[in-house]
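Data first, discussion second: the structure below is written as structure tokens.
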Amino acid sequence: MNPSHLSGAVLVLGSGLLGASIGLGLRARGIDVVLSDPSPSAQAVAVDIGAGRALDPAENLSPQLVVVAAPPDVTAHVVAGALSKYPSAVVVDIASVKGAVLAELQAMAALEPAMLERYVGTHPMAGRERSGPVAARGELFNSMPWVLCPSEASSAQAIKVAHSLAIDLDAVVFRFTPDEHDGAVALVSHLPQVMASLVASRLAETPQHALSLAGNGLRDVTRIAASDPALWVQILGANAPKVLEIMQGVRTDLDRLIKTLSAPTAPGARLDLAQLISEGNAGQSRIPGKHGGPAQQYSWLTVLVDDKPGQIAELLTEIGEIGVNLEDLRLDHSAGLQVGMVELSVLPARRVALVDELTARGWKVIQ
């Protein structure tokens, strides 16, 4: 068992996916985790999977840390209640929007300003496609960003405890102001969700034979469109100013594209289309890849594999024997044949050798 940076009990208010995952991760460090949730069944499941013990109302609990894992629209009220009830505890929340929560806390007349010294807003950038405590994993936050967003009132001790929570869960800690955070997630998280949902909504009445042509491009773009609508109503509502600012820029680009496509052979139209795609190339190239490095420093190749057990494992084993390290891997499927397509990313200097060796071993490589 690895030593913990936290030293006292941790109370987790909310036992959904993130709250229960925090409990599991801290319990693996030997920390006393206490759980409380308005839903008795959710709390019972979290206790049953080992995420912590249930809060006993008769216990005189004095936690070192309270983690508020409540829905965004009630987060501020739950934080305020925790600050009042546990006067010696540091209180953090893990809501995905920070500015609105802080503003709501600052506006509460019943909350003494000094209490905010013990509050730190945080946001673990982790999740799964499933929700609830049954989907919880203690390693959910491993190597994932965990953003600390202290306010001007947050004490150094409170920030240290919040940092210790993230470190104990093996997360990578970043520090932003609440405003910086909300602007960043509006671009890298909230905008993709909106655009994915808009694209996916076009598919609702599309004939099935047209959808049979879909490949990884459409799947990649629409994957997150399966997200929980109730949660995203809260997130987008709370971060509306930041999202709106970005969406207005998108609208400008769409208006420009619509105008160009209305006369695609007009002078300058093709240049404008090329510039639009090039601007996308430039933006996409800035997304960090492996270890935070440039994503486009790698080369891709595709290997066809039969759709039967063991084929991908065999391919990966042989790549290991060849001595080439994979930087990334994606899977696609043929719509009409019983074959899969394994897309492999490698260092450019190793690509030719890998193609030659795999071909010599009988694999069908698409260059």
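By convention in this document, the chains of the structure tokens carry letters A, B, ... by their order, each chain's residues are numbered from 1, and ligands are numbered from 1 in the order they are shown.
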
>> Which residues are close to Ala76 (chain A), i.e. within 9 Å by only C-alpha atoms, leaving aside same-chain residues fewer than 4 positions away? Reply as a VMD selection string.
In response: chain A and resid 72 80 to 81 93 100 to 105

Saved selection, atoms kept: C-alpha atoms, as a PDB file, in the first residue's frame:
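Below you can see result15.pdb, which holds the result:
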ATOM      1  CA  PRO A  72     -23.443  21.250 -10.508  1.00  0.00           C
ATOM      2  CA  ALA A  80     -21.869  25.889   2.087  1.00  0.00           C
ATOM      3  CA  GLY A  81     -23.509  23.265   4.287  1.00  0.00           C
ATOM      4  CA  ASP A  93     -15.947  20.340  -4.913  1.00  0.00           C
ATOM      5  CA  ALA A 100     -20.591  29.962 -11.087  1.00  0.00           C
ATOM      6  CA  VAL A 101     -20.081  27.890  -7.938  1.00  0.00           C
ATOM      7  CA  LEU A 102     -17.694  30.427  -6.423  1.00  0.00           C
ATOM      8  CA  ALA A 103     -19.962  33.360  -7.300  1.00  0.00           C
ATOM      9  CA  GLU A 104     -22.921  31.619  -5.680  1.00  0.00           C
ATOM     10  CA  LEU A 105     -20.918  30.945  -2.520  1.00  0.00           C
TER      11      LEU A 105
END

> If we count only C-alpha atoms, what is near region 134-137 of chain A at a cut-off of 12 Å, once residues fewer than 5 positions away on the same chain are taken out, given as a ChimeraX atom specification?
Replying inline: /A:15-28,41-51,126-129,142,169

Expected file: the selected residues, N, CA, C and O atoms, as a short mmCIF file (atom, residue, chain, number, x, y, z; two decimals), in the first residue's frame:
data_model
loop_
_atom_site.label_atom_id
_atom_site.label_comp_id
_atom_site.auth_asym_id
_atom_site.auth_seq_id
_atom_site.Cartn_x
_atom_site.Cartn_y
_atom_site.Cartn_z
N SER A 15 -22.21 9.79 -4.02
CA SER A 15 -21.58 8.48 -4.29
C SER A 15 -21.89 7.99 -5.70
O SER A 15 -22.12 6.81 -5.92
N GLY A 16 -21.88 8.92 -6.65
CA GLY A 16 -22.00 8.52 -8.05
C GLY A 16 -20.67 8.03 -8.58
O GLY A 16 -19.79 7.60 -7.80
N LEU A 17 -20.50 8.08 -9.89
CA LEU A 17 -19.27 7.58 -10.50
C LEU A 17 -18.03 8.22 -9.91
O LEU A 17 -17.10 7.52 -9.47
N LEU A 18 -17.98 9.55 -9.86
CA LEU A 18 -16.77 10.23 -9.40
C LEU A 18 -16.61 10.11 -7.89
O LEU A 18 -15.51 9.83 -7.39
N GLY A 19 -17.68 10.31 -7.14
CA GLY A 19 -17.57 10.21 -5.69
C GLY A 19 -17.14 8.82 -5.24
O GLY A 19 -16.26 8.68 -4.39
N ALA A 20 -17.74 7.79 -5.82
CA ALA A 20 -17.38 6.42 -5.45
C ALA A 20 -15.97 6.08 -5.92
O ALA A 20 -15.23 5.36 -5.24
N SER A 21 -15.57 6.60 -7.08
CA SER A 21 -14.21 6.36 -7.56
C SER A 21 -13.18 7.01 -6.64
O SER A 21 -12.12 6.44 -6.37
N ILE A 22 -13.48 8.22 -6.17
CA ILE A 22 -12.60 8.87 -5.20
C ILE A 22 -12.49 8.02 -3.95
O ILE A 22 -11.39 7.80 -3.40
N GLY A 23 -13.63 7.51 -3.48
CA GLY A 23 -13.62 6.66 -2.30
C GLY A 23 -12.77 5.42 -2.49
O GLY A 23 -11.97 5.06 -1.62
N LEU A 24 -12.92 4.76 -3.62
CA LEU A 24 -12.14 3.55 -3.89
C LEU A 24 -10.65 3.86 -3.94
O LEU A 24 -9.83 3.11 -3.39
N GLY A 25 -10.31 4.96 -4.61
CA GLY A 25 -8.89 5.32 -4.72
C GLY A 25 -8.27 5.65 -3.38
O GLY A 25 -7.13 5.24 -3.09
N LEU A 26 -9.00 6.38 -2.54
CA LEU A 26 -8.46 6.73 -1.22
C LEU A 26 -8.42 5.54 -0.28
O LEU A 26 -7.50 5.40 0.52
N ARG A 27 -9.42 4.68 -0.38
CA ARG A 27 -9.43 3.48 0.46
C ARG A 27 -8.22 2.60 0.14
O ARG A 27 -7.65 1.96 1.04
N ALA A 28 -7.80 2.57 -1.13
CA ALA A 28 -6.63 1.80 -1.50
C ALA A 28 -5.37 2.34 -0.85
O ALA A 28 -4.37 1.64 -0.73
N SER A 41 -29.97 4.07 -2.03
CA SER A 41 -29.52 2.93 -2.83
C SER A 41 -28.15 3.19 -3.44
O SER A 41 -27.28 2.30 -3.46
N ALA A 42 -27.90 4.42 -3.92
CA ALA A 42 -26.59 4.74 -4.47
C ALA A 42 -25.53 4.64 -3.38
O ALA A 42 -24.43 4.11 -3.61
N GLN A 43 -25.83 5.14 -2.19
CA GLN A 43 -24.88 5.06 -1.08
C GLN A 43 -24.61 3.61 -0.72
O GLN A 43 -23.46 3.23 -0.47
N ALA A 44 -25.66 2.78 -0.69
CA ALA A 44 -25.49 1.37 -0.32
C ALA A 44 -24.61 0.64 -1.32
O ALA A 44 -23.75 -0.16 -0.94
N VAL A 45 -24.81 0.94 -2.62
CA VAL A 45 -23.97 0.30 -3.63
C VAL A 45 -22.51 0.73 -3.47
O VAL A 45 -21.59 -0.10 -3.55
N ALA A 46 -22.29 2.02 -3.22
CA ALA A 46 -20.92 2.51 -3.04
C ALA A 46 -20.25 1.84 -1.84
O ALA A 46 -19.06 1.51 -1.88
N VAL A 47 -21.01 1.66 -0.76
CA VAL A 47 -20.47 0.97 0.41
C VAL A 47 -20.16 -0.48 0.06
O VAL A 47 -19.10 -1.02 0.43
N ASP A 48 -21.06 -1.13 -0.66
CA ASP A 48 -20.89 -2.54 -1.00
C ASP A 48 -19.66 -2.78 -1.87
O ASP A 48 -19.02 -3.84 -1.76
N ILE A 49 -19.31 -1.82 -2.73
CA ILE A 49 -18.14 -2.03 -3.59
C ILE A 49 -16.84 -1.63 -2.89
O ILE A 49 -15.76 -1.75 -3.47
N GLY A 50 -16.94 -1.16 -1.66
CA GLY A 50 -15.74 -0.84 -0.89
C GLY A 50 -15.25 0.58 -1.02
O GLY A 50 -14.09 0.87 -0.71
N ALA A 51 -16.14 1.50 -1.44
CA ALA A 51 -15.71 2.89 -1.62
C ALA A 51 -15.65 3.66 -0.30
O ALA A 51 -15.14 4.78 -0.27
N ALA A 126 -11.88 13.52 -15.65
CA ALA A 126 -11.95 12.07 -15.86
C ALA A 126 -13.41 11.65 -15.82
O ALA A 126 -14.26 12.33 -15.23
N GLY A 127 -13.70 10.55 -16.43
CA GLY A 127 -15.07 10.04 -16.45
C GLY A 127 -15.13 8.75 -17.24
O GLY A 127 -14.12 8.24 -17.73
N ARG A 128 -16.35 8.24 -17.36
CA ARG A 128 -16.58 7.03 -18.16
C ARG A 128 -17.88 7.21 -18.92
O ARG A 128 -18.65 8.14 -18.68
N GLU A 129 -18.13 6.29 -19.85
CA GLU A 129 -19.37 6.35 -20.61
C GLU A 129 -20.55 5.88 -19.78
O GLU A 129 -21.70 6.08 -20.17
N ASN A 142 -6.04 8.06 -12.50
CA ASN A 142 -4.62 7.82 -12.76
C ASN A 142 -4.15 8.57 -14.01
O ASN A 142 -4.69 8.37 -15.10
N LEU A 169 -4.70 10.31 -5.56
CA LEU A 169 -5.45 9.59 -6.58
C LEU A 169 -4.66 9.46 -7.87
O LEU A 169 -5.21 9.10 -8.91
#

Sorted by chain and rising residue number, which residues of region 273-339 of chain A lie within 6 Å of region 345-367 of chain A, and what are their closest atom pairs and distances in Å to one decimal, counting only C-alpha atoms, as CSV?
residue,atom,partner,partner_atom,distance
A:Tyr298,CA,A:Leu347,CA,4.9
A:Ser299,CA,A:Pro348,CA,5.1
A:Trp300,CA,A:Ser345,CA,4.5
A:Leu301,CA,A:Gln367,CA,5.5
A:Thr302,CA,A:Ile366,CA,5.1
A:Val303,CA,A:Val365,CA,4.5
A:Leu304,CA,A:Lys364,CA,5.5
A:Leu326,CA,A:Val346,CA,5.3
A:Glu327,CA,A:Ser345,CA,5.3
A:Asp328,CA,A:Ser345,CA,4.9

Can I get the selection written as a short mmCIF file (atom, residue, chain, number, x, y, z; two decimals), in the first residue's frame, with N, CA and C atoms?
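This is the output file again33.cif:
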data_model
loop_
_atom_site.label_atom_id
_atom_site.label_comp_id
_atom_site.auth_asym_id
_atom_site.auth_seq_id
_atom_site.Cartn_x
_atom_site.Cartn_y
_atom_site.Cartn_z
N TYR A 298 3.86 11.63 -35.29
CA TYR A 298 3.81 10.21 -35.55
C TYR A 298 3.22 9.91 -36.93
N SER A 299 3.53 8.71 -37.45
CA SER A 299 3.00 8.27 -38.75
C SER A 299 2.00 7.13 -38.52
N TRP A 300 1.02 7.05 -39.42
CA TRP A 300 -0.03 6.04 -39.29
C TRP A 300 0.05 5.03 -40.42
N LEU A 301 -0.34 3.80 -40.11
CA LEU A 301 -0.53 2.77 -41.11
C LEU A 301 -1.69 1.90 -40.65
N THR A 302 -2.30 1.18 -41.60
CA THR A 302 -3.46 0.35 -41.28
C THR A 302 -3.18 -1.09 -41.66
N VAL A 303 -3.50 -2.00 -40.74
CA VAL A 303 -3.32 -3.44 -40.97
C VAL A 303 -4.69 -4.11 -40.95
N LEU A 304 -4.98 -4.91 -41.98
CA LEU A 304 -6.23 -5.66 -42.03
C LEU A 304 -6.09 -6.95 -41.23
N LEU A 326 4.50 1.11 -30.24
CA LEU A 326 3.29 1.76 -30.73
C LEU A 326 3.02 3.02 -29.91
N GLU A 327 2.71 4.11 -30.60
CA GLU A 327 2.38 5.36 -29.94
C GLU A 327 0.88 5.49 -29.73
N ASP A 328 0.09 4.88 -30.63
CA ASP A 328 -1.37 4.92 -30.50
C ASP A 328 -1.96 3.80 -31.34
#

>> Considering only alpha helix (DSSP H) as DSSP defines it on the backbone, what residues of region 94-251 of chain A qualify? List them as an NGL selection string.
In response: :A and (99-106 or 156-168 or 178-185 or 191-201 or 208-211 or 216-222 or 229-238 or 240-251)
